[in-house]
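Raw model.pdb, PDB, C-alpha atoms, pLDDT in the B column:
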ATOM      1  CA  MET A   9      21.610  12.511  12.992  1.00 64.00           C
ATOM      2  CA  PHE A  10      23.231   9.784  15.092  1.00 68.00           C
ATOM      3  CA  ARG A  11      20.040   9.514  17.152  1.00 71.00           C
ATOM      4  CA  HIS A  12      18.218   8.781  13.903  1.00 77.00           C
ATOM      5  CA  PHE A  13      20.773   6.124  12.950  1.00 82.00           C
ATOM      6  CA  LYS A  14      20.140   4.214  16.167  1.00 83.00           C
ATOM      7  CA  SER A  15      16.373   4.566  15.796  1.00 85.00           C
ATOM      8  CA  ASP A  16      16.512   3.317  12.183  1.00 86.00           C
ATOM      9  CA  ILE A  17      18.276   0.130  13.255  1.00 88.00           C
ATOM     10  CA  GLN A  18      15.762  -0.552  16.016  1.00 86.00           C
ATOM     11  CA  THR A  19      12.870   0.073  13.598  1.00 87.00           C
ATOM     12  CA  VAL A  20      14.086  -2.753  11.359  1.00 88.00           C
ATOM     13  CA  LEU A  21      14.424  -5.098  14.319  1.00 88.00           C
ATOM     14  CA  ASP A  22      10.879  -4.224  15.412  1.00 86.00           C
ATOM     15  CA  ASN A  23       9.283  -4.731  11.983  1.00 85.00           C
ATOM     16  CA  ASP A  24      11.252  -7.477  10.234  1.00 83.00           C
ATOM     17  CA  PRO A  25      11.301 -10.962  11.796  1.00 84.00           C
ATOM     18  CA  ALA A  26      14.188 -11.871   9.469  1.00 84.00           C
ATOM     19  CA  ALA A  27      16.496  -9.328  11.123  1.00 83.00           C
ATOM     20  CA  ARG A  28      18.583 -11.223  13.690  1.00 86.00           C
ATOM     21  CA  SER A  29      21.034  -8.625  14.951  1.00 87.00           C
ATOM     22  CA  LYS A  30      21.998  -4.965  14.766  1.00 87.00           C
ATOM     23  CA  LEU A  31      25.190  -5.896  12.935  1.00 89.00           C
ATOM     24  CA  GLU A  32      23.167  -7.673  10.245  1.00 88.00           C
ATOM     25  CA  VAL A  33      20.930  -4.620   9.829  1.00 88.00           C
ATOM     26  CA  ILE A  34      23.891  -2.253   9.549  1.00 89.00           C
ATOM     27  CA  PHE A  35      25.664  -4.209   6.827  1.00 90.00           C
ATOM     28  CA  THR A  36      22.901  -5.883   4.814  1.00 88.00           C
ATOM     29  CA  TYR A  37      19.717  -3.762   4.814  1.00 89.00           C
ATOM     30  CA  SER A  38      19.551  -1.549   1.725  1.00 89.00           C
ATOM     31  CA  GLY A  39      16.540   0.336   3.074  1.00 89.00           C
ATOM     32  CA  VAL A  40      18.590   1.500   6.035  1.00 91.00           C
ATOM     33  CA  HIS A  41      21.531   2.433   3.797  1.00 92.00           C
ATOM     34  CA  ALA A  42      19.280   4.504   1.527  1.00 92.00           C
ATOM     35  CA  LEU A  43      17.712   6.248   4.507  1.00 92.00           C
ATOM     36  CA  TRP A  44      21.091   7.112   6.015  1.00 91.00           C
ATOM     37  CA  ALA A  45      22.352   8.451   2.690  1.00 92.00           C
ATOM     38  CA  HIS A  46      19.199  10.544   2.403  1.00 93.00           C
ATOM     39  CA  ARG A  47      19.678  12.082   5.817  1.00 92.00           C
ATOM     40  CA  ILE A  48      23.168  13.209   4.802  1.00 92.00           C
ATOM     41  CA  ALA A  49      21.996  14.436   1.386  1.00 93.00           C
ATOM     42  CA  HIS A  50      19.066  16.276   2.950  1.00 93.00           C
ATOM     43  CA  TRP A  51      21.454  18.083   5.328  1.00 92.00           C
ATOM     44  CA  PHE A  52      23.402  19.426   2.335  1.00 93.00           C
ATOM     45  CA  TYR A  53      20.186  20.182   0.417  1.00 93.00           C
ATOM     46  CA  LEU A  54      18.885  22.412   3.209  1.00 92.00           C
ATOM     47  CA  ARG A  55      22.140  24.406   3.018  1.00 92.00           C
ATOM     48  CA  ASN A  56      21.782  24.893  -0.765  1.00 90.00           C
ATOM     49  CA  TRP A  57      24.525  22.389  -1.628  1.00 92.00           C
ATOM     50  CA  CYS A  58      21.980  20.909  -4.035  1.00 90.00           C
ATOM     51  CA  THR A  59      24.402  19.397  -6.545  1.00 92.00           C
ATOM     52  CA  LEU A  60      26.374  17.563  -3.874  1.00 94.00           C
ATOM     53  CA  ALA A  61      23.104  16.403  -2.337  1.00 93.00           C
ATOM     54  CA  ARG A  62      21.960  15.001  -5.682  1.00 94.00           C
ATOM     55  CA  VAL A  63      25.291  13.245  -6.194  1.00 94.00           C
ATOM     56  CA  ILE A  64      24.910  11.521  -2.830  1.00 94.00           C
ATOM     57  CA  SER A  65      21.338  10.489  -3.633  1.00 93.00           C
ATOM     58  CA  GLN A  66      22.349   9.120  -7.043  1.00 93.00           C
ATOM     59  CA  VAL A  67      25.198   7.083  -5.564  1.00 94.00           C
ATOM     60  CA  SER A  68      22.733   5.736  -3.017  1.00 92.00           C
ATOM     61  CA  ARG A  69      20.293   4.882  -5.799  1.00 92.00           C
ATOM     62  CA  PHE A  70      23.010   2.972  -7.670  1.00 92.00           C
ATOM     63  CA  MET A  71      23.991   1.020  -4.557  1.00 91.00           C
ATOM     64  CA  THR A  72      20.542   0.288  -3.117  1.00 90.00           C
ATOM     65  CA  GLY A  73      17.978   0.540  -5.941  1.00 90.00           C
ATOM     66  CA  ILE A  74      16.064   3.079  -3.844  1.00 92.00           C
ATOM     67  CA  GLU A  75      15.719   6.650  -5.120  1.00 93.00           C
ATOM     68  CA  ILE A  76      14.987   9.332  -2.548  1.00 93.00           C
ATOM     69  CA  HIS A  77      15.247  12.945  -3.653  1.00 93.00           C
ATOM     70  CA  PRO A  78      17.334  14.936  -1.143  1.00 93.00           C
ATOM     71  CA  GLY A  79      14.522  17.470  -0.819  1.00 91.00           C
ATOM     72  CA  ALA A  80      12.047  14.922   0.582  1.00 91.00           C
ATOM     73  CA  ARG A  81      11.186  15.319   4.251  1.00 92.00           C
ATOM     74  CA  ILE A  82      11.109  12.053   6.178  1.00 91.00           C
ATOM     75  CA  GLY A  83      10.022  11.546   9.780  1.00 88.00           C
ATOM     76  CA  ASP A  84      11.232   9.106  12.395  1.00 88.00           C
ATOM     77  CA  ARG A  85      11.259   5.306  12.183  1.00 89.00           C
ATOM     78  CA  LEU A  86      10.596   4.891   8.446  1.00 91.00           C
ATOM     79  CA  PHE A  87      10.900   1.211   7.500  1.00 91.00           C
ATOM     80  CA  ILE A  88      11.647   0.387   3.848  1.00 90.00           C
ATOM     81  CA  ASP A  89      11.268  -3.381   3.456  1.00 87.00           C
ATOM     82  CA  HIS A  90      13.494  -4.762   0.670  1.00 84.00           C
ATOM     83  CA  GLY A  91      13.024  -1.459  -1.136  1.00 82.00           C
ATOM     84  CA  MET A  92      14.109  -2.181  -4.714  1.00 89.00           C
ATOM     85  CA  GLY A  93      12.360   0.270  -7.028  1.00 89.00           C
ATOM     86  CA  VAL A  94      11.118   2.646  -4.326  1.00 91.00           C
ATOM     87  CA  VAL A  95      10.920   6.260  -5.570  1.00 93.00           C
ATOM     88  CA  ILE A  96      10.286   9.239  -3.280  1.00 93.00           C
ATOM     89  CA  GLY A  97       9.877  12.652  -4.923  1.00 89.00           C
ATOM     90  CA  GLU A  98      11.336  16.043  -4.017  1.00 89.00           C
ATOM     91  CA  THR A  99       8.363  17.604  -2.217  1.00 90.00           C
ATOM     92  CA  CYS A 100       7.154  14.406  -0.592  1.00 92.00           C
ATOM     93  CA  GLU A 101       6.585  14.500   3.172  1.00 91.00           C
ATOM     94  CA  ILE A 102       6.543  11.293   5.190  1.00 93.00           C
ATOM     95  CA  GLY A 103       5.400  11.122   8.804  1.00 89.00           C
ATOM     96  CA  ASP A 104       6.553   8.872  11.631  1.00 90.00           C
ATOM     97  CA  ASP A 105       6.347   5.057  11.785  1.00 89.00           C
ATOM     98  CA  VAL A 106       5.616   4.595   8.067  1.00 92.00           C
ATOM     99  CA  VAL A 107       6.251   1.298   6.239  1.00 92.00           C
ATOM    100  CA  LEU A 108       7.088   1.150   2.515  1.00 92.00           C
ATOM    101  CA  TYR A 109       7.422  -2.089   0.572  1.00 91.00           C
ATOM    102  CA  GLN A 110       9.358  -2.626  -2.660  1.00 89.00           C
ATOM    103  CA  GLY A 111       8.282  -0.825  -5.810  1.00 90.00           C
ATOM    104  CA  VAL A 112       6.402   1.995  -4.085  1.00 92.00           C
ATOM    105  CA  THR A 113       6.294   5.327  -5.934  1.00 91.00           C
ATOM    106  CA  LEU A 114       5.507   8.588  -4.166  1.00 92.00           C
ATOM    107  CA  GLY A 115       5.495  10.808  -7.215  1.00 88.00           C
ATOM    108  CA  GLY A 116       3.993  13.802  -8.972  1.00 85.00           C
ATOM    109  CA  THR A 117       1.673  14.073 -11.964  1.00 78.00           C
ATOM    110  CA  GLY A 118       3.174  16.882 -14.022  1.00 71.00           C
ATOM    111  CA  LYS A 119       5.654  19.724 -14.317  1.00 71.00           C
ATOM    112  CA  GLU A 120       3.912  22.086 -11.931  1.00 72.00           C
ATOM    113  CA  LYS A 121       6.030  24.006  -9.455  1.00 77.00           C
ATOM    114  CA  GLY A 122       5.748  23.923  -5.680  1.00 81.00           C
ATOM    115  CA  LYS A 123       4.226  21.041  -3.743  1.00 86.00           C
ATOM    116  CA  ARG A 124       3.582  18.273  -6.242  1.00 88.00           C
ATOM    117  CA  HIS A 125       4.176  15.057  -4.288  1.00 91.00           C
ATOM    118  CA  PRO A 126       2.049  13.370  -1.615  1.00 92.00           C
ATOM    119  CA  THR A 127       2.104  13.851   2.133  1.00 91.00           C
ATOM    120  CA  ILE A 128       2.044  10.575   4.057  1.00 92.00           C
ATOM    121  CA  GLY A 129       0.610  10.640   7.583  1.00 90.00           C
ATOM    122  CA  ASN A 130       1.853   8.775  10.619  1.00 92.00           C
ATOM    123  CA  ASN A 131       1.567   4.979  10.872  1.00 91.00           C
ATOM    124  CA  VAL A 132       0.742   4.458   7.196  1.00 91.00           C
ATOM    125  CA  VAL A 133       1.595   1.156   5.483  1.00 91.00           C
ATOM    126  CA  ILE A 134       2.039   1.201   1.684  1.00 91.00           C
ATOM    127  CA  GLY A 135       2.081  -2.206  -0.013  1.00 88.00           C
ATOM    128  CA  SER A 136       4.491  -3.343  -2.719  1.00 89.00           C
ATOM    129  CA  GLY A 137       4.045  -1.760  -6.141  1.00 89.00           C
ATOM    130  CA  ALA A 138       1.617   0.926  -4.966  1.00 90.00           C
ATOM    131  CA  LYS A 139       1.727   4.305  -6.733  1.00 92.00           C
ATOM    132  CA  ILE A 140       0.656   7.483  -4.961  1.00 92.00           C
ATOM    133  CA  LEU A 141       0.710  10.331  -7.459  1.00 91.00           C
ATOM    134  CA  GLY A 142      -0.062  13.975  -6.766  1.00 88.00           C
ATOM    135  CA  SER A 143      -0.094  16.604  -4.052  1.00 89.00           C
ATOM    136  CA  PHE A 144      -2.571  15.330  -1.467  1.00 89.00           C
ATOM    137  CA  THR A 145      -2.541  13.669   1.935  1.00 90.00           C
ATOM    138  CA  ILE A 146      -2.741  10.029   2.921  1.00 91.00           C
ATOM    139  CA  GLY A 147      -4.364  10.120   6.342  1.00 89.00           C
ATOM    140  CA  ALA A 148      -2.748   8.628   9.419  1.00 90.00           C
ATOM    141  CA  GLN A 149      -3.285   4.952  10.294  1.00 88.00           C
ATOM    142  CA  SER A 150      -4.161   4.040   6.686  1.00 88.00           C
ATOM    143  CA  ASN A 151      -3.232   0.986   4.603  1.00 89.00           C
ATOM    144  CA  ILE A 152      -2.549   1.221   0.868  1.00 89.00           C
ATOM    145  CA  GLY A 153      -2.902  -2.169  -0.822  1.00 86.00           C
ATOM    146  CA  SER A 154      -0.286  -3.663  -3.121  1.00 86.00           C
ATOM    147  CA  ASN A 155      -0.297  -2.317  -6.719  1.00 88.00           C
ATOM    148  CA  SER A 156      -2.950   0.287  -5.915  1.00 88.00           C
ATOM    149  CA  VAL A 157      -2.839   3.586  -7.813  1.00 90.00           C
ATOM    150  CA  VAL A 158      -3.938   6.428  -5.545  1.00 90.00           C
ATOM    151  CA  LEU A 159      -4.809   9.731  -7.230  1.00 89.00           C
ATOM    152  CA  LYS A 160      -6.788  11.557  -4.560  1.00 87.00           C
ATOM    153  CA  GLU A 161      -6.777  12.238  -0.844  1.00 88.00           C
ATOM    154  CA  VAL A 162      -7.334   9.392   1.588  1.00 88.00           C
ATOM    155  CA  PRO A 163      -8.975  10.048   4.989  1.00 87.00           C
ATOM    156  CA  PRO A 164      -7.379   8.696   8.175  1.00 88.00           C
ATOM    157  CA  ASN A 165      -7.958   5.090   9.284  1.00 87.00           C
ATOM    158  CA  SER A 166      -8.735   3.908   5.754  1.00 85.00           C
ATOM    159  CA  THR A 167      -7.815   0.961   3.581  1.00 85.00           C
ATOM    160  CA  VAL A 168      -7.279   1.619  -0.137  1.00 86.00           C
ATOM    161  CA  VAL A 169      -7.186  -1.007  -2.901  1.00 85.00           C
ATOM    162  CA  GLY A 170      -7.473  -1.143  -6.682  1.00 80.00           C
ATOM    163  CA  ILE A 171      -6.813   0.950  -9.780  1.00 80.00           C
ATOM    164  CA  PRO A 172      -7.707   3.701  -9.272  1.00 77.00           C
ATOM    165  CA  GLY A 173      -7.516   3.357  -5.522  1.00 70.00           C
ATOM    166  CA  ARG A 174     -10.830   2.964  -3.696  1.00 75.00           C
ATOM    167  CA  VAL A 175     -11.300   3.570  -0.002  1.00 74.00           C
ATOM    168  CA  VAL A 176     -12.678   0.660   2.042  1.00 72.00           C
ATOM    169  CA  ARG A 177     -13.783   1.339   5.592  1.00 61.00           C
ATOM    170  CA  GLN A 178     -13.358  -1.458   8.128  1.00 51.00           C
ATOM    171  CA  ASP A 179     -15.714  -0.407  10.930  1.00 50.00           C
ATOM    172  CA  GLY A 180     -13.119   1.908  12.350  1.00 55.00           C
ATOM    173  CA  ARG A 181     -10.650  -0.955  12.886  1.00 56.00           C
ATOM    174  CA  ARG A 182      -7.293  -0.810  11.157  1.00 55.00           C
ATOM    175  CA  PRO A 183      -6.059  -4.131   9.728  1.00 53.00           C
ATOM    176  CA  ASP A 184      -2.857  -5.740  10.932  1.00 54.00           C
ATOM    177  CA  ARG A 185       0.068  -3.381  10.309  1.00 54.00           C
ATOM    178  CA  LEU A 186       2.054  -5.666   8.005  1.00 54.00           C
ATOM    179  CA  SER A 187      -0.829  -7.641   6.509  1.00 56.00           C
ATOM    180  CA  HIS A 188      -1.381  -7.724   2.741  1.00 56.00           C
ATOM    181  CA  GLN A 189      -4.760  -9.473   3.102  1.00 53.00           C
ATOM    182  CA  LEU A 190      -6.922  -6.450   2.302  1.00 54.00           C
ATOM    183  CA  PRO A 191     -10.554  -6.463   1.099  1.00 57.00           C
ATOM    184  CA  ASP A 192     -11.429  -5.650  -2.508  1.00 59.00           C
ATOM    185  CA  PRO A 193     -14.866  -4.054  -3.051  1.00 61.00           C
ATOM    186  CA  VAL A 194     -14.923  -5.057  -6.734  1.00 63.00           C
ATOM    187  CA  VAL A 195     -14.336  -8.718  -5.900  1.00 62.00           C
ATOM    188  CA  ASP A 196     -16.984  -8.544  -3.178  1.00 64.00           C
ATOM    189  CA  SER A 197     -19.490  -7.060  -5.667  1.00 67.00           C
ATOM    190  CA  MET A 198     -18.735  -9.769  -8.228  1.00 73.00           C
ATOM    191  CA  ARG A 199     -19.287 -12.463  -5.632  1.00 72.00           C
ATOM    192  CA  GLU A 200     -22.608 -10.911  -4.665  1.00 75.00           C
ATOM    193  CA  LEU A 201     -23.667 -10.783  -8.332  1.00 79.00           C
ATOM    194  CA  GLN A 202     -22.690 -14.431  -8.753  1.00 80.00           C
ATOM    195  CA  ARG A 203     -24.824 -15.415  -5.787  1.00 78.00           C
ATOM    196  CA  GLU A 204     -27.750 -13.441  -7.241  1.00 79.00           C
ATOM    197  CA  ILE A 205     -27.345 -15.110 -10.649  1.00 82.00           C
ATOM    198  CA  GLU A 206     -27.379 -18.562  -9.048  1.00 80.00           C
ATOM    199  CA  ARG A 207     -30.540 -17.680  -7.125  1.00 78.00           C
ATOM    200  CA  LEU A 208     -32.299 -16.466 -10.283  1.00 80.00           C
ATOM    201  CA  ARG A 209     -31.265 -19.601 -12.182  1.00 80.00           C
ATOM    202  CA  ALA A 210     -32.768 -21.760  -9.437  1.00 78.00           C
ATOM    203  CA  GLU A 211     -36.059 -19.814  -9.591  1.00 77.00           C
ATOM    204  CA  ILE A 212     -36.209 -20.105 -13.397  1.00 80.00           C
ATOM    205  CA  SER A 213     -35.531 -23.826 -13.139  1.00 77.00           C
ATOM    206  CA  ASP A 214     -38.374 -24.205 -10.641  1.00 75.00           C
ATOM    207  CA  LEU A 215     -40.756 -22.285 -12.932  1.00 77.00           C
ATOM    208  CA  LYS A 216     -39.840 -24.484 -15.905  1.00 73.00           C
ATOM    209  CA  ASP A 217     -40.260 -27.687 -13.938  1.00 71.00           C
ATOM    210  CA  GLY A 218     -43.519 -26.599 -12.299  1.00 64.00           C
ATOM    211  CA  PRO A 219     -45.998 -26.943 -15.235  1.00 57.00           C
ATOM    212  CA  SER A 220     -44.362 -30.147 -16.489  1.00 57.00           C
ATOM    213  CA  ALA A 221     -44.568 -31.758 -13.090  1.00 53.00           C
ATOM    214  CA  GLN A 222     -48.229 -30.694 -12.722  1.00 55.00           C
ATOM    215  CA  LYS A 223     -49.117 -32.036 -16.210  1.00 56.00           C
ATOM    216  CA  HIS A 224     -47.434 -35.350 -15.451  1.00 53.00           C
ATOM    217  CA  GLN A 225     -49.393 -35.648 -12.207  1.00 55.00           C
ATOM    218  CA  VAL A 226     -52.728 -35.048 -14.027  1.00 52.00           C
ATOM    219  CA  THR A 227     -51.858 -37.683 -16.631  1.00 59.00           C
ATOM    220  CA  GLN A 228     -51.120 -40.248 -13.957  1.00 56.00           C
ATOM    221  CA  GLU A 229     -54.441 -39.508 -12.218  1.00 56.00           C
ATOM    222  CA  ASN A 230     -56.369 -39.950 -15.495  1.00 58.00           C
ATOM    223  CA  LYS A 231     -54.737 -43.340 -16.090  1.00 55.00           C
ATOM    224  CA  LEU A 232     -55.711 -44.519 -12.631  1.00 52.00           C
ATOM    225  CA  GLU A 233     -59.353 -43.459 -13.178  1.00 57.00           C
ATOM    226  CA  LYS A 234     -59.492 -45.466 -16.398  1.00 54.00           C
TER     227      LYS A 234
END
Rendering of file as structure tokens:
Amino acid sequence: MFRHFKSDIQTVLDNDPAARSKLEVIFTYSGVHALWAHRIAHWFYLRNWCTLARVISQVSRFMTGIEIHPGARIGDRLFIDHGMGVVIGETCEIGDDVVLYQGVTLGGTGKEKGKRHPTIGNNVVIGSGAKILGSFTIGAQSNIGSNSVVLKEVPPNSTVVGIPGRVVRQDGRRPDRLSHQLPDPVVDSMRELQREIERLRAEISDLKDGPSAQKHQVTQENKLEK
């Protein structure tokens, strides 16, 4: 557990340029506080001290604004940036080196028993406000765009945007780890349609002007002959 504490501090220093010292991280980063409380609560949860585990998680929620069910399984070096409004469900599994921004929900879609929350692969970045709902896997090295709603499995090395979430391939290259500048296929389609509309308008304008210009030229020639 203490090995994890040290790793959690270093993870913040590696990912957040605003973090100036270990002391600052220890005393002021709510994401780290919530993660530490979860590790303690999870230890009790695994030993069937479920009520005590829930009490710890609820106190942590009150203090940090981050709700992590004690049953959730979290890997190494999770970075929760800001974190207010983050919700992580009971059967959620999170891999190593994952980044969560504020307002992220890793939730279920009903009252079914068993595995009902998502599994997040290694090196996944989930943007602020994104909702991942259901029991499926987000593949490793993927980016989930801000405010996306993901309802089905995402393959590795993918970028997901929109409501519902749509997968956008980027030629096998993963975007910058902390970048929110992600492509939107709907916007790209609208831009393409706009370009096509402008092209058609230009063609129609040429067709309208063609006969008039030809008629005017014939009239001028007739006047010159007279």
>> Using all atoms listed in the file, list the residues that have an atom at most 12 Å from (14.2, -1.3, 0.8), coordinates as in the file, as an NGL selection string.
In response: :A and (20 or 24 or 33 or 36-43 or 68-69 or 71-76 or 86-96 or 107-112 or 136)
I need the chosen residues saved as a PDB file, in the frame of the given file, with C-alpha atoms.
ATOM      1  CA  VAL A  20      14.086  -2.753  11.359  1.00 88.00           C
ATOM      2  CA  ASP A  24      11.252  -7.477  10.234  1.00 83.00           C
ATOM      3  CA  VAL A  33      20.930  -4.620   9.829  1.00 88.00           C
ATOM      4  CA  THR A  36      22.901  -5.883   4.814  1.00 88.00           C
ATOM      5  CA  TYR A  37      19.717  -3.762   4.814  1.00 89.00           C
ATOM      6  CA  SER A  38      19.551  -1.549   1.725  1.00 89.00           C
ATOM      7  CA  GLY A  39      16.540   0.336   3.074  1.00 89.00           C
ATOM      8  CA  VAL A  40      18.590   1.500   6.035  1.00 91.00           C
ATOM      9  CA  HIS A  41      21.531   2.433   3.797  1.00 92.00           C
ATOM     10  CA  ALA A  42      19.280   4.504   1.527  1.00 92.00           C
ATOM     11  CA  LEU A  43      17.712   6.248   4.507  1.00 92.00           C
ATOM     12  CA  SER A  68      22.733   5.736  -3.017  1.00 92.00           C
ATOM     13  CA  ARG A  69      20.293   4.882  -5.799  1.00 92.00           C
ATOM     14  CA  MET A  71      23.991   1.020  -4.557  1.00 91.00           C
ATOM     15  CA  THR A  72      20.542   0.288  -3.117  1.00 90.00           C
ATOM     16  CA  GLY A  73      17.978   0.540  -5.941  1.00 90.00           C
ATOM     17  CA  ILE A  74      16.064   3.079  -3.844  1.00 92.00           C
ATOM     18  CA  GLU A  75      15.719   6.650  -5.120  1.00 93.00           C
ATOM     19  CA  ILE A  76      14.987   9.332  -2.548  1.00 93.00           C
ATOM     20  CA  LEU A  86      10.596   4.891   8.446  1.00 91.00           C
ATOM     21  CA  PHE A  87      10.900   1.211   7.500  1.00 91.00           C
ATOM     22  CA  ILE A  88      11.647   0.387   3.848  1.00 90.00           C
ATOM     23  CA  ASP A  89      11.268  -3.381   3.456  1.00 87.00           C
ATOM     24  CA  HIS A  90      13.494  -4.762   0.670  1.00 84.00           C
ATOM     25  CA  GLY A  91      13.024  -1.459  -1.136  1.00 82.00           C
ATOM     26  CA  MET A  92      14.109  -2.181  -4.714  1.00 89.00           C
ATOM     27  CA  GLY A  93      12.360   0.270  -7.028  1.00 89.00           C
ATOM     28  CA  VAL A  94      11.118   2.646  -4.326  1.00 91.00           C
ATOM     29  CA  VAL A  95      10.920   6.260  -5.570  1.00 93.00           C
ATOM     30  CA  ILE A  96      10.286   9.239  -3.280  1.00 93.00           C
ATOM     31  CA  VAL A 107       6.251   1.298   6.239  1.00 92.00           C
ATOM     32  CA  LEU A 108       7.088   1.150   2.515  1.00 92.00           C
ATOM     33  CA  TYR A 109       7.422  -2.089   0.572  1.00 91.00           C
ATOM     34  CA  GLN A 110       9.358  -2.626  -2.660  1.00 89.00           C
ATOM     35  CA  GLY A 111       8.282  -0.825  -5.810  1.00 90.00           C
ATOM     36  CA  VAL A 112       6.402   1.995  -4.085  1.00 92.00           C
ATOM     37  CA  SER A 136       4.491  -3.343  -2.719  1.00 89.00           C
TER      38      SER A 136
END
>> Which residues would end up in the selection if the PyMOL selection byres ((chain A and resi 155) around 9) were applied here, given that I need the answer as number ranges by chain?
In response: A: 111-112, 135-139, 152-154, 156-157, 169-171
>> Expand the PyMOL selection byres ((chain A and resi 77-80) around 12) into the explicit residue set it covers here, and present it as JSON, numbers by chain.
In response: {"A": [42, 43, 44, 45, 46, 47, 48, 49, 50, 51, 52, 53, 54, 55, 56, 57, 58, 59, 60, 61, 62, 63, 64, 65, 66, 67, 68, 69, 74, 75, 76, 81, 82, 83, 94, 95, 96, 97, 98, 99, 100, 101, 102, 103, 113, 114, 115, 122, 123, 124, 125, 126, 127, 128]}
>> What's the separation between atom CA of A:Glu161 and atom CA of A:Asn131, in Å to one decimal place?
In response: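 A separation of 16.1 Å between them.
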> Please, what distance in Å, to one decimal, runs between atom CA of A:Gln149 and atom CA of A:Val168?
Replying inline: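 Taking atom CA of A:Gln149 as the start and atom CA of A:Val168 as the end point, the length is 11.7 Å.
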> Using all atoms listed in the file, which residue out of A:Ile140, A:Val132, A:Arg207, A:Met198 lies closest to A:Asp104?
Replying inline: A:Val132
> atom CA of A:Asp84 and atom CA of A:Ala27, how far apart in Å?
Replying inline: 19.2 Å
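Proximity of A:Ile134, A:Ile17, A:Val176, A:Leu201 to A:Asn151, computed with all atoms listed in the file, is greatest for A:Ile134.
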